[in-house]
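Chemist: Can you keep this structure in mind? I'll have questions shortly.
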Amino acid sequence: MIAPAGPGVSGQELAEQLNQFGNIEILRTRDRRDTTAPPIAVVRIADDAATALRRSAAGSLIIEPDLHLRAASFAGASSVLPTAPMMTAFGPDLKVTIRIVSEAGTPVEQTAVRLIGEQVSVQGLTDNDGRIDLTLQGEQPDTVAAIFVNPRSGFWGLWQHRPHLDADAVNIFTLKPVSLPEALDWGGAAMQVDQIPKQCRGAGIKIALIDSGVATSHKRLTRIDHGIDIRSAEAKSWSKDAIGHGTPCAGLISAAPQTAHGVQGYAPDSELHICKLPSDAYCSDLIVALDYCLQNAIDVACLGFGCERGSALVEQRIAEAKQHGMSLIAAAGNSAGAVLFPACSPNVMAVGAVGQAGSFPEDSPQAAQAAAAIALAGGFFVPPFSCRGPELDLCAPGVAITACQSPDSYAVCDGTSLAAAHVTALAALILADHSDFKSSFAARDLQRVERLFQILKDTAQPIGHPWQTGAGLPNAARALGIWSEQRATVVPLDVGLRQMRSAIRQLDQIQFGASNLMPLELPRGPAKVSSLPLSSGPLAFQADGGGKASIHELKAAMAFAGLAAER
């Protein structure tokens with residue numbers, strides 16, 4: 001990506017300047033809007049030619065690689081056990097046939113099956129009959145360490161340590177069906193969403209989900225009618241989600257509460273906009289998505305993609321969005337390493353994942369996550385896949401989350417993208433109903449963003465070390481000014497020397513492993529927040545007069561009136 005370093009240059013002028021240099025293939029340009037953002041040209045150029053262009057431009061151009069973005073993919077077996085190294089196989093290969101079925105005996109197709117041996121691992125997807133043939137080179141049935149089964153939707157996954165496999169027969173594994181929650185999923189209860197008034201539904205707030213698209217064919221997501229496909233001009237192509245990554249996040253934010261039970265969005269009255277990134281997304285695609293957010297006055301955006309290196313041009317767009325009052329909340333990443341960009345930016349809120357013991361079957365992949373996890377207070381744990389470090393701002397539910405899945409089903413998912421969706425929904429509730437955003441912080445500027453971030457962080461419940469959990473687990477009741485019981489932190493807030501050295505080493509690799517196309521290392525750190533004291537004023541909305549108040553609403557009213565809530 002190439003952009004002018006100074007103002008006043010149009011996209012056409014930038015293209016003309018680059019054409020004069022030669023040896024540059026201009027793929028596309030993104031012209032500046034009526035803001036401070038410069039035009040950007042996405043080009044194909046050799047590294048040596050880019051170095052020569054930088055020298056000749058004498059600081060008048062920003063030149064950086066258009067980095068590949070990847071979805072903070074839902075975690076699987078690879079985050080629990082390391083991939084077995086490829087070794088020279090001695091002895092015969094182990095060939096096994098595996099069939100995955102439901103409790104009724106029907107086949108479960110398109111299910112990911114992974115076998116992990118002492119030397120190698122192998123994985124694949126089941127066919128229409130629920131079958132898959134796998135070959136482990138140089139392994140025997142008694143050297144297979146584990147099997148992980150991860151269905152796309154409808155069932156719990158399966159994990160078995162030292163499974164019994166028969167090379168001469170079909171090995172059948174049966175999956176348990178997913179039961180929809182009767183009330184809030186464990187994540188909503190952990191964040192105390194059940195303690196806020198039912199009128200808190202995010203009305204009037206615009207949310208953008210920058211992800212892989214959303215399946216509006218899902219019966220709980222049919223109301224979503226705003227979006228853009230970053231690469232395709234096809235009408236409403238953003239309303240399809242072949243990857244199945246954006247749909248679960250969209251459900252957590254705005255799934256319609258059609259029945260008393262099942263998956264329900266935490267901010268169902270918000271206006272959700274979908275910014276669909278392609279499977280081969282780049283930083284230039286993220287810039288287009290951020291431009292869409294700015295043009296549509298988005299209040300809070302949720303990002304489920306990231307990369308290891310930073311981008312000055314993306315950071316410029318993020319800073320501009322912040323200046324216009326848009327908050328960006330991003331997944332920290334599922335690579336078990338340092339926090340990804342742009343989550344690591346001081347202008348972005350980075351969210352890691354936590355799980356809770358007892359929220360999943362003992363033979364599920366989530367149980368394997370818990371067995372290898374860092375224990376926290378209150379039965380919570382940091383799963384091995386969650387990225388961590390000093391840039392982390394918050395943690396949120398991201399293990400064993402029952403969510404919508406494309407095209408019209410439900411799945412149990414893990415990942416920091418789900419955690420970011422939880423925090424995004426809560427941010428919408430705060431912007432809609434907290435009195436601060438009807439008065440002192442009503443203007444769409446950076447103070448609005450930093451105040452929102454401050455409320456989220458200062459009212460969170462600490463449950464572990466900040467490098468692992470940030471400021472802690474968001475508390476919806478406290479964030480909205482409602483009294484709630486705070487859990488005691490019982491795990492010491494310390495971190496081992498080995499963990500600190502590992503985190504520092506990861507940061508060093510990011511800083512010193514960069515290409516010479518990016519000579520300037522971007523700042524990393526937790527999100528900047530307001531330094532003003534939090535107010536204790538009432539919620540901005542008026543409660544309905546005709547309905548009966550819940551016990552939590554009565555407690556809230558008593559707290560606002562200065563009365564004790566113990567009785």
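Letters A, B, ... go to the chains of the structure tokens in the order shown; residues in each chain start at 1; ligands are counted from 1 in the same order.
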Write out as a ChimeraX atom specification all residues of segment 293-463 of chain A that backbone DSSP assigns to strand (DSSP E or B).
Modeler: /A:300-303,305-307,327-331,341,349-356,374-375,380-382,394-397,401-405,409-413,434,461
Chemist: Would you mind listing what lies within 8 Å of segment 159-171 of chain A as an mmCIF file with N, CA, C and O atoms, in the first residue's frame, with only C-alpha atoms counted and same-chain residues fewer than 4 positions away left out?
Modeler:
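Now in around.cif:
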data_model
loop_
_atom_site.group_PDB
_atom_site.id
_atom_site.type_symbol
_atom_site.label_atom_id
_atom_site.label_comp_id
_atom_site.auth_asym_id
_atom_site.auth_seq_id
_atom_site.Cartn_x
_atom_site.Cartn_y
_atom_site.Cartn_z
ATOM 1 N N LEU A 94 -0.574 -46.506 9.951
ATOM 2 C CA LEU A 94 -1.843 -46.841 10.589
ATOM 3 C C LEU A 94 -2.967 -46.227 9.758
ATOM 4 O O LEU A 94 -3.066 -45.002 9.636
ATOM 5 N N LYS A 95 -3.809 -47.076 9.172
ATOM 6 C CA LYS A 95 -4.937 -46.618 8.378
ATOM 7 C C LYS A 95 -6.222 -46.964 9.124
ATOM 8 O O LYS A 95 -6.461 -48.128 9.454
ATOM 9 N N VAL A 96 -7.007 -45.924 9.417
ATOM 10 C CA VAL A 96 -8.246 -46.147 10.175
ATOM 11 C C VAL A 96 -9.412 -45.476 9.462
ATOM 12 O O VAL A 96 -9.252 -44.451 8.780
ATOM 13 N N THR A 97 -10.576 -46.075 9.621
ATOM 14 C CA THR A 97 -11.821 -45.492 9.135
ATOM 15 C C THR A 97 -12.640 -45.059 10.336
ATOM 16 O O THR A 97 -12.844 -45.839 11.272
ATOM 17 N N ILE A 98 -13.095 -43.827 10.306
ATOM 18 C CA ILE A 98 -13.863 -43.260 11.417
ATOM 19 C C ILE A 98 -15.206 -42.801 10.889
ATOM 20 O O ILE A 98 -15.301 -42.239 9.784
ATOM 21 N N ARG A 99 -16.245 -43.072 11.643
ATOM 22 C CA ARG A 99 -17.595 -42.620 11.276
ATOM 23 C C ARG A 99 -18.188 -41.855 12.449
ATOM 24 O O ARG A 99 -18.177 -42.333 13.589
ATOM 25 N N PRO A 141 -2.059 -48.243 16.731
ATOM 26 C CA PRO A 141 -3.249 -47.834 17.480
ATOM 27 C C PRO A 141 -2.941 -47.362 18.895
ATOM 28 O O PRO A 141 -3.576 -46.416 19.392
ATOM 29 N N ASP A 142 -1.937 -47.972 19.560
ATOM 30 C CA ASP A 142 -1.650 -47.578 20.946
ATOM 31 C C ASP A 142 -0.744 -46.354 21.042
ATOM 32 O O ASP A 142 -0.432 -45.897 22.142
ATOM 33 N N THR A 143 -0.298 -45.787 19.896
ATOM 34 C CA THR A 143 0.503 -44.555 19.942
ATOM 35 C C THR A 143 -0.319 -43.312 19.607
ATOM 36 O O THR A 143 0.219 -42.198 19.589
ATOM 37 N N VAL A 144 -1.602 -43.484 19.321
ATOM 38 C CA VAL A 144 -2.465 -42.328 19.061
ATOM 39 C C VAL A 144 -2.778 -41.660 20.391
ATOM 40 O O VAL A 144 -3.401 -42.251 21.279
ATOM 41 N N ALA A 145 -2.348 -40.401 20.532
ATOM 42 C CA ALA A 145 -2.485 -39.697 21.813
ATOM 43 C C ALA A 145 -3.896 -39.181 22.045
ATOM 44 O O ALA A 145 -4.386 -39.179 23.172
ATOM 45 N N ALA A 146 -4.558 -38.707 20.975
ATOM 46 C CA ALA A 146 -5.883 -38.109 21.171
ATOM 47 C C ALA A 146 -6.621 -38.037 19.849
ATOM 48 O O ALA A 146 -6.028 -38.038 18.766
ATOM 49 N N ILE A 147 -7.938 -37.976 19.960
ATOM 50 C CA ILE A 147 -8.805 -37.686 18.825
ATOM 51 C C ILE A 147 -9.673 -36.494 19.198
ATOM 52 O O ILE A 147 -10.185 -36.402 20.321
ATOM 53 N N PHE A 148 -9.780 -35.542 18.255
ATOM 54 C CA PHE A 148 -10.656 -34.385 18.426
ATOM 55 C C PHE A 148 -11.675 -34.398 17.296
ATOM 56 O O PHE A 148 -11.316 -34.526 16.124
ATOM 57 N N VAL A 149 -12.937 -34.272 17.649
ATOM 58 C CA VAL A 149 -14.029 -34.237 16.678
ATOM 59 C C VAL A 149 -14.750 -32.904 16.848
ATOM 60 O O VAL A 149 -15.252 -32.609 17.943
ATOM 61 N N ASP A 363 -16.122 -34.808 28.094
ATOM 62 C CA ASP A 363 -15.428 -35.407 26.949
ATOM 63 C C ASP A 363 -15.441 -34.493 25.735
ATOM 64 O O ASP A 363 -15.288 -34.937 24.603
ATOM 65 N N SER A 364 -15.601 -33.199 25.959
ATOM 66 C CA SER A 364 -15.627 -32.236 24.861
ATOM 67 C C SER A 364 -14.252 -31.622 24.650
ATOM 68 O O SER A 364 -13.396 -31.655 25.542
ATOM 69 N N PRO A 365 -13.986 -31.040 23.475
ATOM 70 C CA PRO A 365 -12.723 -30.328 23.271
ATOM 71 C C PRO A 365 -12.524 -29.197 24.260
ATOM 72 O O PRO A 365 -11.392 -28.852 24.602
ATOM 73 N N ALA A 367 -13.211 -29.343 27.369
ATOM 74 C CA ALA A 367 -12.608 -29.942 28.559
ATOM 75 C C ALA A 367 -11.104 -30.069 28.388
ATOM 76 O O ALA A 367 -10.330 -29.907 29.344
ATOM 77 N N ALA A 368 -10.659 -30.367 27.163
ATOM 78 C CA ALA A 368 -9.224 -30.410 26.899
ATOM 79 C C ALA A 368 -8.612 -29.025 27.040
ATOM 80 O O ALA A 368 -7.490 -28.873 27.545
#
Chemist: List as a PDB file with N, CA, C and O atoms, in the first residue's frame the protein and nucleic acid residues near Glu103 of chain A, meaning an atom at most 9 Å away when only C-alpha atoms are counted, but skip any in the same chain fewer than 4 places from it.
Modeler:
ATOM      1  N   THR A 174     -20.005 -41.200  18.662  1.00  0.00           N
ATOM      2  CA  THR A 174     -21.339 -40.605  18.747  1.00  0.00           C
ATOM      3  C   THR A 174     -21.262 -39.235  19.414  1.00  0.00           C
ATOM      4  O   THR A 174     -20.615 -39.072  20.453  1.00  0.00           O
ATOM      5  N   LEU A 175     -21.936 -38.258  18.805  1.00  0.00           N
ATOM      6  CA  LEU A 175     -21.918 -36.882  19.309  1.00  0.00           C
ATOM      7  C   LEU A 175     -23.219 -36.551  20.034  1.00  0.00           C
ATOM      8  O   LEU A 175     -24.304 -37.006  19.648  1.00  0.00           O
ATOM      9  N   LYS A 176     -23.098 -35.720  21.077  1.00  0.00           N
ATOM     10  CA  LYS A 176     -24.267 -35.246  21.821  1.00  0.00           C
ATOM     11  C   LYS A 176     -24.848 -34.019  21.128  1.00  0.00           C
ATOM     12  O   LYS A 176     -24.103 -33.156  20.653  1.00  0.00           O
ATOM     13  N   PRO A 177     -26.167 -33.898  21.065  1.00  0.00           N
ATOM     14  CA  PRO A 177     -26.771 -32.719  20.430  1.00  0.00           C
ATOM     15  C   PRO A 177     -26.603 -31.476  21.299  1.00  0.00           C
ATOM     16  O   PRO A 177     -26.492 -31.559  22.525  1.00  0.00           O
TER      17      PRO A 177
END
Chemist: Using only C-alpha atoms, determine which residues lie at most 9 Å from Ala432 of chain A, disregarding the query and same-chain residues fewer than 4 positions distant; provide the list as a VMD selection string.
Modeler: chain A and resid 200 to 205 270 427 to 428 437 to 438 540 to 541
Chemist: For the selection you just gave me, I'd like the residues written to a file as a PDB file, in the first residue's frame, keeping N, CA and C atoms.
Modeler:
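File again15.pdb, as written:
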ATOM      1  N   CYS A 200     -32.876  -2.372  28.504  1.00  0.00           N
ATOM      2  CA  CYS A 200     -31.540  -2.145  27.940  1.00  0.00           C
ATOM      3  C   CYS A 200     -31.333  -3.102  26.772  1.00  0.00           C
ATOM      4  N   ARG A 201     -31.532  -2.605  25.553  1.00  0.00           N
ATOM      5  CA  ARG A 201     -31.450  -3.466  24.373  1.00  0.00           C
ATOM      6  C   ARG A 201     -30.647  -2.828  23.246  1.00  0.00           C
ATOM      7  N   GLY A 202     -29.979  -1.697  23.531  1.00  0.00           N
ATOM      8  CA  GLY A 202     -29.115  -1.084  22.540  1.00  0.00           C
ATOM      9  C   GLY A 202     -29.822  -0.250  21.499  1.00  0.00           C
ATOM     10  N   ALA A 203     -31.036   0.213  21.760  1.00  0.00           N
ATOM     11  CA  ALA A 203     -31.794   0.982  20.773  1.00  0.00           C
ATOM     12  C   ALA A 203     -31.046   2.261  20.400  1.00  0.00           C
ATOM     13  N   GLY A 204     -31.040   2.555  19.102  1.00  0.00           N
ATOM     14  CA  GLY A 204     -30.443   3.791  18.621  1.00  0.00           C
ATOM     15  C   GLY A 204     -28.953   3.723  18.361  1.00  0.00           C
ATOM     16  N   ILE A 205     -28.323   2.593  18.606  1.00  0.00           N
ATOM     17  CA  ILE A 205     -26.880   2.454  18.439  1.00  0.00           C
ATOM     18  C   ILE A 205     -26.590   1.656  17.175  1.00  0.00           C
ATOM     19  N   SER A 270     -30.245  -2.828  18.549  1.00  0.00           N
ATOM     20  CA  SER A 270     -29.240  -2.037  17.845  1.00  0.00           C
ATOM     21  C   SER A 270     -29.364  -2.262  16.334  1.00  0.00           C
ATOM     22  N   ALA A 427     -20.982  -2.702  25.063  1.00  0.00           N
ATOM     23  CA  ALA A 427     -20.654  -1.314  24.727  1.00  0.00           C
ATOM     24  C   ALA A 427     -21.866  -0.604  24.139  1.00  0.00           C
ATOM     25  N   ALA A 428     -22.630  -1.311  23.295  1.00  0.00           N
ATOM     26  CA  ALA A 428     -23.835  -0.716  22.715  1.00  0.00           C
ATOM     27  C   ALA A 428     -24.864  -0.387  23.789  1.00  0.00           C
ATOM     28  N   PHE A 437     -23.579   9.422  28.116  1.00  0.00           N
ATOM     29  CA  PHE A 437     -23.611   9.584  26.677  1.00  0.00           C
ATOM     30  C   PHE A 437     -24.864  10.302  26.199  1.00  0.00           C
ATOM     31  N   LYS A 438     -25.609  10.851  27.155  1.00  0.00           N
ATOM     32  CA  LYS A 438     -26.713  11.756  26.854  1.00  0.00           C
ATOM     33  C   LYS A 438     -26.353  13.177  27.267  1.00  0.00           C
ATOM     34  N   ALA A 540     -30.259   6.391  31.381  1.00  0.00           N
ATOM     35  CA  ALA A 540     -30.851   7.474  30.616  1.00  0.00           C
ATOM     36  C   ALA A 540     -32.312   7.209  30.266  1.00  0.00           C
ATOM     37  N   PHE A 541     -32.736   5.949  30.167  1.00  0.00           N
ATOM     38  CA  PHE A 541     -34.089   5.674  29.717  1.00  0.00           C
ATOM     39  C   PHE A 541     -35.053   5.678  30.901  1.00  0.00           C
TER      40      PHE A 541
END
Chemist: May I ask which of the residues A:Leu452, A:Thr106, A:Gly333, A:Pro526 is the closest one to Ala471 of chain A, counting only C-alpha atoms?
Modeler: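 When distances to Ala471 of chain A are compared using only C-alpha atoms, the smallest one comes from A:Pro526.
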Chemist: Within 12 Å of Thr247 of chain A, counting only C-alpha atoms, which residues show up once you throw out same-chain ones fewer than 6 positions away? Write them as an MDAnalysis selection string, please.
Modeler: chainID A and resid 153 209:222 224 238:241 253:255 265 274 276 304 402:411 413 417:418 421
Chemist: With only C-alpha atoms as the basis for distance, which of A:Ala371, A:Ala527, A:Leu431, A:Leu69 is at the shortest distance from Leu286 of chain A?
Modeler: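 Going through A:Ala371, A:Ala527, A:Leu431, A:Leu69 one by one, the smallest distance to Leu286 of chain A is for A:Leu69.
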Chemist: I'd like to know which of A:Gly525, A:Gly325, A:Gly470, A:Gly352 is closest to Asp445 of chain A, using only C-alpha atoms.
Modeler: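 Distance minimum relative to Asp445 of chain A lands on A:Gly325.
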Chemist: How many Å separate atom CA of Ser335 of chain A from atom CA of Ala353 of chain A?
Modeler: 11.9 Å
Chemist: Would you please extract all helix (DSSP H, G or I) residues from segment 31-254 of chain A, as assigned by DSSP on the backbone, and give them as a VMD selection string?
Modeler: chain A and resid 47 to 57 77 to 79 141 to 143 186 to 190 193 to 195 237 to 239 246 to 254
Chemist: Could you give me, as a ChimeraX atom specification, the residues within 9 Å of Arg448 of chain A, counting only C-alpha atoms and dropping anything in the same chain fewer than 3 positions from it?
Modeler: /A:322,325-327,437,440-445,451-453,530
Chemist: Could the residues in this selection be written to a file with N, CA and C atoms, as a compact mmCIF listing (two decimals), in the first residue's frame?
Modeler:
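Wrote it out as result-v5.txt, contents follow:
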# COMPACT_ATOMS: atom_id res chain seq x y z
N LYS A 322 -11.74 7.08 15.58
CA LYS A 322 -11.84 7.47 16.99
C LYS A 322 -12.15 8.95 17.13
N GLY A 325 -15.72 9.55 17.01
CA GLY A 325 -16.54 8.91 18.03
C GLY A 325 -16.84 7.46 17.83
N MET A 326 -16.13 6.78 16.92
CA MET A 326 -16.37 5.35 16.71
C MET A 326 -15.39 4.52 17.52
N SER A 327 -15.89 3.60 18.30
CA SER A 327 -15.07 2.71 19.13
C SER A 327 -14.83 1.41 18.38
N PHE A 437 -23.58 9.42 28.12
CA PHE A 437 -23.61 9.58 26.68
C PHE A 437 -24.86 10.30 26.20
N SER A 440 -22.46 14.76 29.06
CA SER A 440 -21.07 15.21 28.92
C SER A 440 -20.34 14.57 27.76
N PHE A 441 -20.69 13.33 27.41
CA PHE A 441 -19.97 12.60 26.36
C PHE A 441 -20.88 12.26 25.19
N ALA A 442 -21.83 13.14 24.92
CA ALA A 442 -22.76 12.90 23.81
C ALA A 442 -22.12 13.20 22.46
N ALA A 443 -21.16 14.10 22.43
CA ALA A 443 -20.54 14.48 21.15
C ALA A 443 -19.74 13.31 20.58
N ARG A 444 -19.75 13.19 19.26
CA ARG A 444 -19.01 12.11 18.60
C ARG A 444 -17.56 12.54 18.41
N ASP A 445 -16.75 12.27 19.43
CA ASP A 445 -15.34 12.63 19.40
C ASP A 445 -14.55 11.58 20.15
N ARG A 451 -14.10 7.50 27.10
CA ARG A 451 -15.00 7.35 28.25
C ARG A 451 -15.65 5.96 28.24
N LEU A 452 -16.08 5.51 27.06
CA LEU A 452 -16.67 4.18 26.96
C LEU A 452 -15.66 3.12 27.39
N PHE A 453 -14.43 3.24 26.89
CA PHE A 453 -13.40 2.28 27.26
C PHE A 453 -13.13 2.32 28.77
N SER A 530 -10.35 7.50 29.43
CA SER A 530 -10.56 8.78 30.10
C SER A 530 -10.03 8.70 31.53
